[in-house]
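Novice: Have a look at this one before I ask anything.
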Amino acid sequence: MTMTVLVADDDLPLNEVLCDVLSSAGYEVLKSTTLEETRHVLERQEVDVVLLDKAFPDGNGLTLLGELQKHEDAPQVIVITSYGEVESAVAAMKMGAWDFITKPFENEALLLQIEKAGQALATRRELARLRKEVRRSMDEWIVGKSPTMRKLTADAERVAPTNAGVLITGENGTGKDVLARLIHNISHRADGPFVPINCATLGDLLESEIFGHEKGAFTGADRLKKGLAEVADGGTLFLDEVTSMRADVQAKLLRFLESRTFRRVGGVKDIKVDVRVIAATNQDIRKLVSEGSFRQDLYFRLAVVSLHVPPLRERREDIPLFVAQFINRFSREMGKIIEDVSPTALEALMAYDWPGNIRELRNAIERAVLFCDGPIIELAHLPAEIADAR
């Protein structure tokens, strides 16, 4: 797809030259010579890259730069500066300019900058598209209008593009695994594998499951087996219930996090992989560290960023939203037309403490939809313990 470049410069001869150079290079080119005209072009047409002069007869180009940064789909801006204007260039970069170019400049250097700006823009737009797609398709467990959930989602989006280790804490049923997958799906690793491991269910097999084993490493190891850390190369390894690890596996995991290398059980060769590790637990991990049952150095490695998913009882204002979404979901699946819940049923749903959190709420609404024959879910359609909370 051909990129569109807007040349915004009041120097008419330079503007014409730039337009000719860019057109010859295959770009679709627009031009403007005043700040007002530049705004008009940007309002009416989709632009990928703007070559923006600093000074116009009717204002400062950096003012427009500041305005553009408020828009999610803003074009990449390359600011045109004169020789020696280092402070202006630095100011432009701080305000969100992708780069700057100093007059006089070589055509080849300009074209290279525009090409790189276009590549960066494509990456940014693809990430934005993925974020929107993920939000639409993700399980409803991560949505919510409460301040805590809005902050949690914002923090997840901030950490997602990095390689920082993330530790997610929260009670069972709050959606820790969903948050981990969200972080993966909006990261630069989205095209790589997302490999989850429930550490609590594997017992003595956990080390072999994560790091693999060589043939003959132990009784029953009749062939070489790649570990899930190897399978996750280029993607994300999600260690759920990480606090259930034995001390010796914790030590091996720490070495892996520090070096990104490991040895299979029974192996002597170091294997290097590019893996991001996200861990989760429903335990008070800091208490376990103070008691000595979980390594402090491993905790620090895992929890470069800590995200806590609050229980449903601490964000009751999100319950009506979840209820509506689960009704829509299960009504479609069961071929029913159910529009809402009665006021008394909603009152009970809001009053209940939800020890099983969103998983329990989902199951309750699925049951209610199953037993509901009319357009409204009534109190009688809810499990007794929930109905009694009213």
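Here, A, B, ... name the chains of the structure tokens in the order displayed, residue numbers run from 1 inside each chain, and ligands are numbered from 1 in the same displayed order.
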Out of stretch 163-263 of chain A, which residues get alpha helix (DSSP H) from DSSP, as an MDAnalysis selection string?
Specialist: chainID A and resid 176:185 206:211 228:231 247:259
Novice: As a list in words, please: the residues near A:Glu378 (cut-off 7 Å, only C-alpha atoms, same-chain neighbours under 5 positions excluded).
Specialist: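 What passes the distance filter is Val341, Ser342 and Ala345 of chain A.
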Novice: Find the spatial neighbours of A:Asp11, counting only C-alpha atoms, within a cut-off of 12 Å - ignore same-chain residues fewer than 2 positions away - and output them as a PyMOL selection string.
Specialist: chain A and resi 7-9+13-18+31-34+52-57+80
Novice: Considering only C-alpha atoms, return as a PyMOL selection string whatever protein or nucleic-acid residues lie within 8 Å of A:Leu312, sequence-local ones (same chain, fewer than 6 positions apart) excluded.
Specialist: chain A and resi 174+318-319+353-354+357-358
Novice: Tell me, as a ChimeraX atom specification, which residues lie within 9 Å of A:Val50, counting only C-alpha atoms; anything in the same chain fewer than 3 positions away does not count.
Specialist: /A:4-8,47,75-79
Novice: Determine which residues of stretch 274-343 of chain A DSSP labels as strand (DSSP E or B) from the backbone of this structure, then write them out as a ChimeraX atom specification.
Specialist: /A:276-281,305-308,340-341
Novice: Restrict the calculation to only C-alpha atoms, then for each residue of stretch 203-247 of chain A with any atom at most 6 Å from an atom of stretch 269-292 of chain A give the closest atom pair and their distance in Å to one decimal, rows by chain and rising residue number, as JSON lines.
Specialist:
{"residue": "A:Asp233", "atom": "CA", "partner": "A:Asp274", "partner_atom": "CA", "distance": 5.2}
{"residue": "A:Gly234", "atom": "CA", "partner": "A:Asp274", "partner_atom": "CA", "distance": 5.2}
{"residue": "A:Gly235", "atom": "CA", "partner": "A:Val275", "partner_atom": "CA", "distance": 5.5}
{"residue": "A:Thr236", "atom": "CA", "partner": "A:Arg276", "partner_atom": "CA", "distance": 4.7}
{"residue": "A:Leu237", "atom": "CA", "partner": "A:Val277", "partner_atom": "CA", "distance": 4.9}
{"residue": "A:Phe238", "atom": "CA", "partner": "A:Ile278", "partner_atom": "CA", "distance": 4.9}
{"residue": "A:Leu239", "atom": "CA", "partner": "A:Ala279", "partner_atom": "CA", "distance": 4.5}
{"residue": "A:Asp240", "atom": "CA", "partner": "A:Ala280", "partner_atom": "CA", "distance": 4.8}
{"residue": "A:Glu241", "atom": "CA", "partner": "A:Thr281", "partner_atom": "CA", "distance": 4.4}
{"residue": "A:Val242", "atom": "CA", "partner": "A:Thr281", "partner_atom": "CA", "distance": 5.9}
Novice: Could you dump the residues just selected with N, CA, C and O atoms as a compact mmCIF listing (two decimals), in the first residue's frame?
Specialist:
# COMPACT_ATOMS: atom_id res chain seq x y z
N ASP A 233 9.72 -20.63 22.68
CA ASP A 233 10.75 -19.76 22.12
C ASP A 233 10.12 -18.75 21.16
O ASP A 233 9.37 -19.11 20.25
N GLY A 234 10.41 -17.47 21.39
CA GLY A 234 9.82 -16.41 20.58
C GLY A 234 8.49 -15.91 21.09
O GLY A 234 7.92 -14.96 20.53
N GLY A 235 7.99 -16.53 22.15
CA GLY A 235 6.69 -16.15 22.69
C GLY A 235 6.71 -15.96 24.18
O GLY A 235 7.67 -15.43 24.75
N THR A 236 5.65 -16.43 24.83
CA THR A 236 5.46 -16.21 26.26
C THR A 236 5.22 -17.53 26.97
O THR A 236 4.43 -18.35 26.52
N LEU A 237 5.92 -17.71 28.09
CA LEU A 237 5.72 -18.88 28.95
C LEU A 237 4.95 -18.40 30.18
O LEU A 237 5.42 -17.52 30.91
N PHE A 238 3.75 -18.95 30.39
CA PHE A 238 2.91 -18.53 31.51
C PHE A 238 2.93 -19.61 32.59
O PHE A 238 2.46 -20.72 32.38
N LEU A 239 3.50 -19.27 33.75
CA LEU A 239 3.61 -20.20 34.86
C LEU A 239 2.51 -19.90 35.88
O LEU A 239 2.66 -19.01 36.72
N ASP A 240 1.43 -20.62 35.79
CA ASP A 240 0.32 -20.42 36.72
C ASP A 240 0.59 -21.18 38.02
O ASP A 240 1.17 -22.27 38.00
N GLU A 241 0.18 -20.60 39.13
CA GLU A 241 0.41 -21.14 40.47
C GLU A 241 1.89 -21.45 40.68
O GLU A 241 2.29 -22.54 41.10
N VAL A 242 2.70 -20.45 40.40
CA VAL A 242 4.16 -20.62 40.43
C VAL A 242 4.67 -20.92 41.84
O VAL A 242 5.74 -21.53 42.01
Novice: Considering only C-alpha atoms, return as a VMD selection string whatever protein or nucleic-acid residues lie within 10 Å of A:Met93, sequence-local ones (same chain, fewer than 4 positions apart) excluded.
Specialist: chain A and resid 65 77 to 79 87 to 89 97 to 100
Novice: Have a look at A:Val178, A:Met245, A:Ala251, A:Val231 and name the one nearest to A:Gly203; count only C-alpha atoms.
Specialist: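 The shortest atom-to-atom distance to A:Gly203 comes from A:Met245.
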